[in-house]
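Text of work23.json (JSON, C-alpha atoms) as supplied:
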```
[["chain", "number", "residue", "atom", "x", "y", "z"],
["A", 207, "MET", "CA", 136.18, -203.09, -96.87],
["A", 208, "THR", "CA", 139.56, -203.69, -95.21],
["A", 209, "GLU", "CA", 140.84, -200.93, -92.94],
["A", 210, "PHE", "CA", 143.79, -199.07, -94.41],
["A", 211, "ALA", "CA", 146.40, -196.90, -92.75],
["A", 212, "PRO", "CA", 145.89, -193.32, -94.03],
["A", 213, "LEU", "CA", 148.09, -192.50, -97.03],
["A", 214, "THR", "CA", 149.44, -189.47, -95.15],
["A", 215, "PRO", "CA", 149.82, -188.77, -91.42],
["A", 216, "ILE", "CA", 146.75, -187.11, -89.87],
["A", 217, "GLU", "CA", 148.52, -183.77, -89.40],
["A", 218, "GLN", "CA", 149.38, -183.56, -93.11],
["A", 219, "PRO", "CA", 146.96, -182.66, -95.93],
["A", 220, "LYS", "CA", 145.11, -185.57, -97.46],
["A", 221, "VAL", "CA", 146.25, -186.98, -100.80],
["A", 222, "ARG", "CA", 143.96, -185.43, -103.43],
["A", 223, "PHE", "CA", 142.55, -187.60, -106.23],
["A", 224, "LEU", "CA", 140.96, -186.95, -109.60],
["A", 225, "VAL", "CA", 138.78, -189.93, -110.52],
["A", 226, "VAL", "CA", 138.17, -190.34, -114.26],
["A", 227, "ASP", "CA", 135.71, -192.91, -115.58],
["A", 228, "ASP", "CA", 132.68, -192.67, -117.87],
["A", 229, "SER", "CA", 130.75, -194.96, -115.52],
["A", 230, "ILE", "CA", 129.22, -193.05, -112.61],
["A", 231, "PHE", "CA", 129.05, -196.36, -110.78],
["A", 232, "ALA", "CA", 132.77, -197.04, -111.28],
["A", 233, "ARG", "CA", 133.57, -193.52, -110.06],
["A", 234, "LYS", "CA", 131.42, -194.04, -106.95],
["A", 235, "SER", "CA", 133.19, -197.31, -106.24],
["A", 236, "LEU", "CA", 136.66, -195.76, -106.67],
["A", 237, "CYS", "CA", 135.69, -192.71, -104.58],
["A", 238, "LYS", "CA", 134.68, -195.04, -101.75],
["A", 239, "MET", "CA", 138.08, -196.71, -101.95],
["A", 240, "VAL", "CA", 139.84, -193.32, -101.91],
["A", 241, "ASP", "CA", 137.85, -192.43, -98.82],
["A", 242, "ALA", "CA", 138.82, -195.73, -97.18],
["A", 243, "PHE", "CA", 142.48, -194.98, -97.95],
["A", 244, "GLY", "CA", 142.21, -191.64, -96.12],
["A", 245, "GLY", "CA", 142.43, -189.67, -99.37],
["A", 246, "GLU", "CA", 140.25, -186.86, -100.67],
["A", 247, "VAL", "CA", 138.37, -186.85, -103.98],
["A", 248, "ALA", "CA", 139.23, -183.41, -105.40],
["A", 249, "GLY", "CA", 137.21, -183.98, -108.55],
["A", 250, "GLU", "CA", 135.66, -186.39, -111.00],
["A", 251, "ALA", "CA", 135.55, -186.55, -114.79],
["A", 252, "GLY", "CA", 133.54, -188.68, -117.21],
["A", 253, "ASP", "CA", 135.84, -188.50, -120.24],
["A", 254, "GLY", "CA", 139.39, -187.63, -121.25],
["A", 255, "CYS", "CA", 138.60, -184.05, -122.34],
["A", 256, "ILE", "CA", 137.12, -183.14, -118.96],
["A", 257, "ALA", "CA", 140.00, -184.94, -117.22],
["A", 258, "ILE", "CA", 142.50, -182.63, -118.92],
["A", 259, "THR", "CA", 140.72, -179.43, -117.85],
["A", 260, "GLU", "CA", 140.01, -180.76, -114.38],
["A", 261, "TYR", "CA", 143.64, -181.75, -113.89],
["A", 262, "ALA", "CA", 144.81, -178.25, -114.81],
["A", 263, "ARG", "CA", 142.21, -176.70, -112.50],
["A", 264, "LEU", "CA", 142.62, -178.99, -109.50],
["A", 265, "ARG", "CA", 146.25, -180.18, -109.76],
["A", 266, "PRO", "CA", 145.50, -183.43, -107.85],
["A", 267, "ASP", "CA", 148.22, -185.61, -106.34],
["A", 268, "ILE", "CA", 146.93, -188.75, -108.08],
["A", 269, "VAL", "CA", 144.70, -189.42, -111.10],
["A", 270, "LEU", "CA", 142.80, -192.70, -111.40],
["A", 271, "MET", "CA", 142.14, -192.92, -115.16],
["A", 272, "ASP", "CA", 139.89, -195.30, -117.08],
["A", 273, "ILE", "CA", 140.89, -196.17, -120.67],
["A", 274, "THR", "CA", 137.70, -196.84, -122.65],
["A", 275, "MET", "CA", 135.70, -193.61, -122.53],
["A", 276, "PRO", "CA", 133.65, -191.49, -124.98],
["A", 277, "LYS", "CA", 135.02, -188.29, -126.57],
["A", 278, "MET", "CA", 138.64, -188.97, -125.59],
["A", 279, "GLU", "CA", 140.09, -192.20, -124.26],
["A", 280, "GLY", "CA", 142.25, -192.35, -121.16],
["A", 281, "ILE", "CA", 145.56, -193.05, -122.89],
["A", 282, "GLU", "CA", 145.24, -189.95, -125.06],
["A", 283, "ALA", "CA", 144.28, -187.88, -122.02],
["A", 284, "VAL", "CA", 147.45, -189.10, -120.27],
["A", 285, "SER", "CA", 149.54, -187.75, -123.18],
["A", 286, "HIS", "CA", 147.94, -184.31, -122.90],
["A", 287, "ILE", "CA", 148.20, -184.11, -119.11],
["A", 288, "VAL", "CA", 151.81, -185.33, -118.92],
["A", 289, "LYS", "CA", 152.84, -182.97, -121.75],
["A", 290, "ASP", "CA", 151.72, -179.98, -119.66],
["A", 291, "PHE", "CA", 152.44, -181.49, -116.23],
["A", 292, "PRO", "CA", 155.35, -183.94, -116.47],
["A", 293, "ASP", "CA", 155.14, -184.75, -112.75],
["A", 294, "ALA", "CA", 151.52, -185.92, -112.99],
["A", 295, "ARG", "CA", 150.96, -189.21, -111.19],
["A", 296, "ILE", "CA", 148.42, -191.15, -113.22],
["A", 297, "VAL", "CA", 147.29, -194.71, -112.50],
["A", 298, "MET", "CA", 145.31, -196.40, -115.27],
["A", 299, "VAL", "CA", 142.27, -198.34, -114.03],
["A", 300, "SER", "CA", 140.64, -200.39, -116.77],
["A", 301, "SER", "CA", 139.03, -203.74, -117.47],
["A", 302, "VAL", "CA", 141.00, -203.95, -120.73],
["A", 303, "GLY", "CA", 144.48, -204.90, -119.59],
["A", 304, "TYR", "CA", 146.37, -206.34, -122.52],
["A", 305, "GLN", "CA", 150.04, -205.66, -122.88],
["A", 306, "ASP", "CA", 149.79, -203.20, -125.79],
["A", 307, "ASN", "CA", 147.41, -201.03, -123.80],
["A", 308, "ILE", "CA", 149.53, -201.12, -120.66],
["A", 309, "LEU", "CA", 152.73, -200.32, -122.52],
["A", 310, "SER", "CA", 151.07, -197.55, -124.47],
["A", 311, "ALA", "CA", 149.82, -195.94, -121.26],
["A", 312, "LEU", "CA", 153.20, -196.27, -119.52],
["A", 313, "GLN", "CA", 155.04, -194.87, -122.55],
["A", 314, "ARG", "CA", 152.78, -191.82, -122.48],
["A", 315, "GLY", "CA", 153.61, -191.20, -118.83],
["A", 316, "ALA", "CA", 151.15, -193.21, -116.74],
["A", 317, "ARG", "CA", 152.83, -194.53, -113.60],
["A", 318, "HIS", "CA", 150.99, -197.82, -113.19],
["A", 319, "PHE", "CA", 148.05, -199.96, -114.25],
["A", 320, "VAL", "CA", 145.27, -201.69, -112.29],
["A", 321, "GLN", "CA", 142.86, -204.08, -113.96],
["A", 322, "LYS", "CA", 139.15, -204.06, -113.08],
["A", 323, "PRO", "CA", 137.54, -205.46, -111.02],
["A", 324, "VAL", "CA", 139.72, -203.40, -108.68],
["A", 325, "LYS", "CA", 140.86, -205.05, -105.49],
["A", 326, "PRO", "CA", 141.15, -202.30, -102.84],
["A", 327, "ASP", "CA", 144.31, -203.83, -101.34],
["A", 328, "ALA", "CA", 146.05, -203.86, -104.72],
["A", 329, "LEU", "CA", 145.03, -200.29, -105.54],
["A", 330, "TYR", "CA", 146.17, -199.10, -102.12],
["A", 331, "GLU", "CA", 149.63, -200.64, -102.55],
["A", 332, "ILE", "CA", 149.96, -199.18, -106.05],
["A", 333, "ILE", "CA", 148.97, -195.70, -104.85],
["A", 334, "ARG", "CA", 151.53, -195.94, -102.04],
["A", 335, "TYR", "CA", 154.10, -196.99, -104.61],
["A", 336, "VAL", "CA", 153.27, -194.13, -106.93],
["A", 337, "LEU", "CA", 153.39, -191.66, -104.04],
["A", 338, "ASN", "CA", 156.45, -193.03, -102.26],
["A", 339, "ASP", "CA", 158.16, -195.59, -104.48],
["A", 340, "THR", "CA", 157.16, -198.35, -102.06],
["A", 341, "PRO", "CA", 157.82, -201.72, -103.70],
["A", 342, "VAL", "CA", 154.91, -203.15, -105.64],
["A", 343, "PRO", "CA", 154.79, -205.75, -108.42],
["A", 344, "ALA", "CA", 154.81, -204.49, -112.00],
["A", 345, "PRO", "CA", 151.57, -204.65, -114.02],
["A", 346, "ALA", "CA", 150.87, -208.12, -115.41],
["A", 347, "GLY", "CA", 152.66, -208.77, -118.67],
["A", 348, "VAL", "CA", 155.08, -205.88, -118.31],
["A", 349, "GLY", "CA", 158.70, -206.28, -117.42],
["A", 350, "GLY", "CA", 158.85, -203.27, -115.11],
["A", 351, "SER", "CA", 156.88, -200.21, -114.15],
["A", 352, "LYS", "CA", 157.82, -196.63, -114.83],
["A", 353, "SER", "CA", 158.50, -194.67, -111.69],
["B", 63, "MET", "CA", 132.18, -220.99, -133.05],
["B", 64, "LYS", "CA", 135.68, -221.92, -132.08],
["B", 65, "MET", "CA", 136.28, -222.87, -128.47],
["B", 66, "ASP", "CA", 139.34, -220.62, -128.31],
["B", 67, "LEU", "CA", 137.01, -217.65, -128.85],
["B", 68, "ILE", "CA", 134.42, -218.84, -126.34],
["B", 69, "GLN", "CA", 136.71, -219.86, -123.51],
["B", 70, "PRO", "CA", 137.94, -216.34, -122.61],
["B", 71, "PHE", "CA", 134.32, -215.18, -122.17],
["B", 72, "LEU", "CA", 133.58, -218.20, -119.96],
["B", 73, "ASN", "CA", 136.72, -217.63, -117.88],
["B", 74, "SER", "CA", 136.14, -213.91, -117.60],
["B", 75, "ALA", "CA", 132.46, -214.15, -116.67],
["B", 76, "ASP", "CA", 133.22, -216.79, -114.07],
["B", 77, "THR", "CA", 136.05, -214.79, -112.48],
["B", 78, "VAL", "CA", 134.50, -211.32, -112.67],
["B", 79, "VAL", "CA", 131.05, -212.34, -111.44],
["B", 80, "ALA", "CA", 132.54, -214.29, -108.52],
["B", 81, "GLU", "CA", 134.68, -211.27, -107.61],
["B", 82, "ILE", "CA", 132.03, -208.57, -107.89],
["B", 83, "MET", "CA", 129.27, -210.62, -106.23],
["B", 84, "GLY", "CA", 131.48, -212.27, -103.62],
["B", 85, "CYS", "CA", 130.05, -215.75, -104.24],
["B", 86, "ASN", "CA", 130.47, -218.91, -106.29],
["B", 87, "VAL", "CA", 129.16, -218.94, -109.84],
["B", 88, "GLN", "CA", 127.91, -221.99, -111.69],
["B", 89, "ILE", "CA", 127.73, -222.11, -115.47],
["B", 90, "THR", "CA", 124.51, -224.05, -116.05],
["B", 91, "ASP", "CA", 124.21, -223.98, -119.83],
["B", 92, "VAL", "CA", 126.17, -223.05, -122.92],
["B", 93, "SER", "CA", 124.25, -223.05, -126.18],
["B", 94, "MET", "CA", 124.38, -221.72, -129.72],
["B", 95, "ASP", "CA", 120.94, -220.15, -129.99],
["B", 96, "LYS", "CA", 119.50, -219.26, -133.36],
["B", 97, "ALA", "CA", 117.05, -216.80, -131.81],
["B", 98, "SER", "CA", 117.78, -216.09, -128.19],
["B", 99, "GLN", "CA", 115.12, -214.30, -126.19],
["B", 100, "ARG", "CA", 116.00, -212.03, -123.33],
["B", 101, "GLN", "CA", 114.64, -213.45, -120.13],
["B", 102, "GLU", "CA", 116.12, -211.80, -117.09],
["B", 103, "GLY", "CA", 115.73, -208.31, -115.62],
["B", 104, "ILE", "CA", 118.30, -205.67, -116.56],
["B", 105, "ALA", "CA", 120.70, -205.88, -119.48],
["B", 106, "ALA", "CA", 123.71, -203.98, -120.80],
["B", 107, "MET", "CA", 125.43, -204.30, -124.16],
["B", 108, "VAL", "CA", 129.05, -203.83, -125.19],
["B", 109, "ALA", "CA", 130.20, -203.59, -128.83],
["B", 110, "PHE", "CA", 133.65, -204.61, -130.02],
["B", 111, "ILE", "CA", 135.28, -204.16, -133.41],
["B", 112, "GLY", "CA", 138.52, -205.34, -135.01],
["B", 113, "GLU", "CA", 139.76, -208.79, -135.97],
["B", 114, "ILE", "CA", 136.70, -210.05, -134.11],
["B", 115, "GLU", "CA", 133.55, -207.96, -134.29],
["B", 116, "GLY", "CA", 130.30, -208.24, -132.44],
["B", 117, "HIS", "CA", 128.27, -207.48, -129.37],
["B", 118, "ALA", "CA", 127.80, -208.97, -125.93],
["B", 119, "ILE", "CA", 124.75, -208.55, -123.69],
["B", 120, "LEU", "CA", 124.77, -209.31, -119.98],
["B", 121, "ASP", "CA", 121.23, -209.89, -118.74],
["B", 122, "MET", "CA", 120.80, -210.17, -114.94],
["B", 123, "ASP", "CA", 117.70, -210.80, -112.91],
["B", 124, "LEU", "CA", 116.81, -208.02, -110.47],
["B", 125, "ASN", "CA", 118.07, -209.82, -107.37],
["B", 126, "ALA", "CA", 121.45, -210.55, -108.93],
["B", 127, "ALA", "CA", 121.73, -206.98, -110.23],
["B", 128, "ARG", "CA", 120.88, -205.47, -106.85],
["B", 129, "HIS", "CA", 123.31, -207.77, -105.08],
["B", 130, "ALA", "CA", 126.09, -206.84, -107.52],
["B", 131, "ALA", "CA", 125.42, -203.12, -106.95],
["B", 132, "VAL", "CA", 125.45, -203.49, -103.16],
["B", 133, "HIS", "CA", 128.56, -205.66, -103.13],
["B", 134, "MET", "CA", 130.48, -203.32, -105.44],
["B", 135, "LEU", "CA", 129.46, -200.11, -103.66],
["B", 136, "GLY", "CA", 129.53, -201.47, -100.12],
["B", 137, "GLU", "CA", 126.08, -199.99, -99.48],
["B", 138, "ALA", "CA", 122.53, -200.27, -100.79],
["B", 139, "PRO", "CA", 121.77, -198.04, -103.80],
["B", 140, "CYS", "CA", 119.52, -195.07, -103.01],
["B", 141, "PRO", "CA", 115.91, -195.72, -104.02],
["B", 142, "GLY", "CA", 115.15, -194.15, -107.38],
["B", 143, "ASP", "CA", 118.74, -193.74, -108.55],
["B", 144, "ASN", "CA", 120.22, -195.67, -111.46],
["B", 145, "SER", "CA", 122.89, -197.53, -109.50],
["B", 146, "THR", "CA", 121.57, -200.98, -110.39],
["B", 147, "HIS", "CA", 121.55, -200.18, -114.12],
["B", 148, "GLU", "CA", 124.99, -198.61, -113.85],
["B", 149, "ALA", "CA", 126.23, -201.68, -111.98],
["B", 150, "ILE", "CA", 125.13, -203.93, -114.86],
["B", 151, "CYS", "CA", 126.96, -201.72, -117.35],
["B", 152, "GLU", "CA", 130.12, -201.85, -115.23],
["B", 153, "VAL", "CA", 129.95, -205.63, -114.73],
["B", 154, "THR", "CA", 129.46, -206.10, -118.49],
["B", 155, "ASN", "CA", 132.37, -203.79, -119.15],
["B", 156, "MET", "CA", 134.58, -205.82, -116.80],
["B", 157, "ILE", "CA", 133.58, -209.21, -118.24],
["B", 158, "ILE", "CA", 134.12, -208.15, -121.84],
["B", 159, "GLY", "CA", 137.28, -206.18, -120.99],
["B", 160, "ASN", "CA", 138.84, -209.17, -119.26],
["B", 161, "ALA", "CA", 137.84, -211.50, -122.12],
["B", 162, "VAL", "CA", 139.26, -209.07, -124.67],
["B", 163, "THR", "CA", 142.48, -208.96, -122.67],
["B", 164, "GLN", "CA", 142.80, -212.76, -122.90],
["B", 165, "LEU", "CA", 141.95, -212.79, -126.62],
["B", 166, "ASN", "CA", 144.38, -209.97, -127.31],
["B", 167, "ASP", "CA", 147.15, -211.92, -125.63],
["B", 168, "ARG", "CA", 146.29, -214.77, -128.08],
["B", 169, "GLY", "CA", 146.78, -212.49, -131.07],
["B", 170, "PHE", "CA", 143.31, -211.06, -131.71],
["B", 171, "ARG", "CA", 143.31, -207.28, -131.92],
["B", 172, "PHE", "CA", 140.15, -205.33, -131.36],
["B", 173, "LYS", "CA", 138.65, -202.33, -129.67],
["B", 174, "VAL", "CA", 135.86, -202.28, -127.08],
["B", 175, "TYR", "CA", 133.23, -199.56, -126.83],
["B", 176, "PRO", "CA", 131.65, -198.28, -123.60],
["B", 177, "PRO", "CA", 128.64, -200.30, -122.39],
["B", 178, "GLU", "CA", 125.06, -199.12, -122.69],
["B", 179, "ILE", "CA", 121.73, -200.29, -121.28],
["B", 180, "TYR", "CA", 120.03, -202.77, -123.63],
["B", 181, "SER", "CA", 116.24, -202.60, -123.55],
["B", 182, "SER", "CA", 115.13, -204.72, -126.52],
["B", 183, "ALA", "CA", 113.13, -207.83, -125.67],
["B", 184, "VAL", "CA", 115.14, -209.82, -128.21],
["B", 185, "GLY", "CA", 118.69, -211.06, -127.72],
["B", 186, "LEU", "CA", 121.49, -211.36, -130.24],
["B", 187, "ARG", "CA", 120.88, -213.86, -133.02],
["B", 188, "SER", "CA", 122.99, -215.92, -135.33],
["B", 189, "SER", "CA", 123.08, -214.93, -138.99],
["B", 190, "LEU", "CA", 124.97, -216.00, -142.07],
["B", 191, "ASN", "CA", 128.25, -214.55, -140.81],
["B", 192, "THR", "CA", 127.55, -214.15, -137.12],
["B", 193, "GLU", "CA", 127.27, -216.82, -134.49],
["B", 194, "ALA", "CA", 125.43, -216.22, -131.23],
["B", 195, "LEU", "CA", 126.35, -217.92, -128.01],
["B", 196, "VAL", "CA", 124.28, -217.97, -124.80],
["B", 197, "LEU", "CA", 125.93, -218.68, -121.45],
["B", 198, "ARG", "CA", 123.66, -219.14, -118.43],
["B", 199, "PHE", "CA", 124.97, -218.61, -114.90],
["B", 200, "GLU", "CA", 123.49, -219.29, -111.48],
["B", 201, "THR", "CA", 124.62, -217.62, -108.28],
["B", 202, "PRO", "CA", 123.15, -217.81, -104.77],
["B", 203, "HIS", "CA", 121.85, -214.27, -105.37],
["B", 204, "GLY", "CA", 120.19, -214.76, -108.74],
["B", 205, "ASN", "CA", 120.71, -215.78, -112.34],
["B", 206, "MET", "CA", 122.23, -214.14, -115.38],
["B", 207, "VAL", "CA", 122.68, -214.74, -119.08],
["B", 208, "LEU", "CA", 125.62, -213.65, -121.21],
["B", 209, "ASN", "CA", 124.65, -213.49, -124.89],
["B", 210, "ILE", "CA", 127.52, -213.00, -127.32],
["B", 211, "ALA", "CA", 127.31, -212.60, -131.10],
["B", 212, "MET", "CA", 130.56, -212.28, -132.98],
["B", 213, "GLN", "CA", 132.27, -212.87, -136.28],
["B", 214, "TYR", "CA", 135.77, -212.53, -137.64],
["B", 215, "GLY", "CA", 136.50, -209.02, -138.88],
["B", 216, "ALA", "CA", 137.48, -208.34, -142.50],
["B", 217, "LYS", "CA", 141.21, -208.84, -141.90],
["B", 218, "ARG", "CA", 140.77, -212.14, -140.10],
["B", 219, "ILE", "CA", 138.26, -213.50, -142.65],
["B", 220, "SER", "CA", 140.99, -213.52, -145.27],
["B", 221, "GLU", "CA", 143.07, -215.73, -142.96],
["B", 222, "VAL", "CA", 140.25, -217.94, -141.61],
["B", 223, "PRO", "CA", 137.65, -218.46, -144.34],
["B", 224, "VAL", "CA", 135.30, -220.81, -142.48],
["B", 225, "LEU", "CA", 133.81, -220.39, -139.01],
["B", 226, "SER", "CA", 133.40, -223.82, -137.49],
["B", 227, "ALA", "CA", 131.13, -224.75, -134.59],
["B", 228, "THR", "CA", 132.78, -226.84, -131.92]]
```

If you convert what's in this file into structure tokens, what do you get?
Amino acid sequence: MTEFAPLTPIEQPKVRFLVVDDSIFARKSLCKMVDAFGGEVAGEAGDGCIAITEYARLRPDIVLMDITMPKMEGIEAVSHIVKDFPDARIVMVSSVGYQDNILSALQRGARHFVQKPVKPDALYEIIRYVLNDTPVPAPAGVGGSKS
Amino acid sequence: MKMDLIQPFLNSADTVVAEIMGCNVQITDVSMDKASQRQEGIAAMVAFIGEIEGHAILDMDLNAARHAAVHMLGEAPCPGDNSTHEAICEVTNMIIGNAVTQLNDRGFRFKVYPPEIYSSAVGLRSSLNTEALVLRFETPHGNMVLNIAMQYGAKRISEVPVLSAT
């Protein structure tokens, strides 16, 4: 994997992530990327319901949220989290990336969207954008991203 | 089966497999099998429902599955864990998700369900209303088969009364 500059300077606390995906494999893959970015995986969740409770418990800096999951899908989980924590920074990470889905997630408060298979470089730039408002292209098919 | 339904699956499988395996992919055969038999190693199935309904099974030989797992994780799976099976589920999820995205942008609305391991020895077959398609792929790391069976959902049937093979 490409080497990435740490998301925060070494003397500062690491950016903490909550990784939400029903696939253990996908979570492992995303956790490896978070590690490569110099972030810290604060927690993991396998569905939207657990994501909501884990967000409230861990208060991570960034959530990487899948859409298609059992029990509660990612877009609904975004609504619940953002309702209670309006400053939540949630990046949707899904293989299903059609415009309706992206818009629905952004309207509910997600900050950005990444389509699987995830390219580490693209995810890194999007995380930097969500953390710092560094310029990054809008999700495909969407006129602009919510910031 | 109409080509505009097949093409997104071809495009998606080609792109996703090349990306997650880090190699070139060659589509060696596309056929409409009446009774397809599973023939590779590990398989995962995804169901989708809506204006198009059906299932897709990705069936990879063991070498291809292991290579996909290693390439996606950046390390060899631990012996005895389920990483290879989970990798197949995730690859299937990505192929179908990307195909659904393309179909959705062409006006077909449907929902995809999470993938699950498919252990039957028999693939998806054509029936009166359902048409099954088998796509065979070769990579330098092994072979795989994508078996798709789909039909127009109730809403679409009223608009398109006849499924035509092309």

Exercise for the section: Write out as an MDAnalysis selection string every residue belonging to chain B that has an atom at most 6 Å from any atom of chain A, counting only C-alpha atoms. Expected result: chainID B and resid 135 148 156 159:160 163

Practice task
Give as a ChimeraX atom specification the set of residues within 10 Å of the point (126.2, -206.9, -109.5), where distances use the file's coordinates and all atoms listed in the file.
Solution key: /B:78-84,122-135,145-154,203-204

Give the padded box for region 259-270 of chain A as AutoDock Vina command-line options: axis-aligned, covering all atoms listed in the file, 8 Å on each side, centre and edge lengths in Å to one decimal.
```
--center_x 144.1 --center_y -184.7 --center_z -112.1 --size_x 24.2 --size_y 32.0 --size_z 27.5
```

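Between CA of Ile268 (chain A) and CA of Phe223 (chain A) there is a distance of 4.9 Å.
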
Exercise for the section: Please measure the separation of CA of Leu213 (chain A) and CA of Glu246 (chain A), giving the value in Å to one decimal. Expected result: 10.3 Å

Fill in the blank from the handout: Expressed in Å, the length from CA of Phe172 (chain B) to CA of His117 (chain B) is 12.2 Å

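Contact shell of Leu67 (chain B) at 10 Å (all atoms listed in the file; same-chain neighbours under 6 positions omitted): B:Ile114, B:Ala161, B:Val162, B:Gln164, B:Leu165, B:Arg168, B:Phe170, B:Met212.
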
Go ahead and save the residues from that selection, with C-alpha atoms, as an mmCIF file, in the frame of the given file.
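Result written to again-v8.cif:
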```
data_model
loop_
_atom_site.group_PDB
_atom_site.id
_atom_site.type_symbol
_atom_site.label_atom_id
_atom_site.label_comp_id
_atom_site.auth_asym_id
_atom_site.auth_seq_id
_atom_site.Cartn_x
_atom_site.Cartn_y
_atom_site.Cartn_z
ATOM 1 C CA ILE B 114 136.700 -210.050 -134.110
ATOM 2 C CA ALA B 161 137.840 -211.500 -122.120
ATOM 3 C CA VAL B 162 139.260 -209.070 -124.670
ATOM 4 C CA GLN B 164 142.800 -212.760 -122.900
ATOM 5 C CA LEU B 165 141.950 -212.790 -126.620
ATOM 6 C CA ARG B 168 146.290 -214.770 -128.080
ATOM 7 C CA PHE B 170 143.310 -211.060 -131.710
ATOM 8 C CA MET B 212 130.560 -212.280 -132.980
#
```

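Remark: residues at most 12 Å from position (158.7, -187.4, -126.8) in file coordinates are Ser285, His286, Val288, Lys289, Pro292, Gln313, Arg314 and Gly315 of chain A, using only C-alpha atoms.
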
Handout entry: Minimum-distance residue to Ser93 (chain B), chosen among B:Ile157, B:Ala138, B:Leu197, B:Ile111 (using all atoms listed in the file)
Key = B:Leu197

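Nearest residue to Gly252 (chain A), choosing from B:Ala75, B:Pro176, B:Asp121, B:Gly103 and counting all atoms listed in the file: B:Pro176.
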
Handout entry: Closest of A:Asp241, A:Val297, A:Val269, A:Ala251 to Thr208 (chain A) - atom-to-atom distances counting all atoms listed in the file
Key = A:Asp241

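Minimum distance to Ile158 (chain B) across B:Pro202, B:Val92, B:Ala109, B:Asp66 (counting all atoms listed in the file) occurs at B:Ala109.
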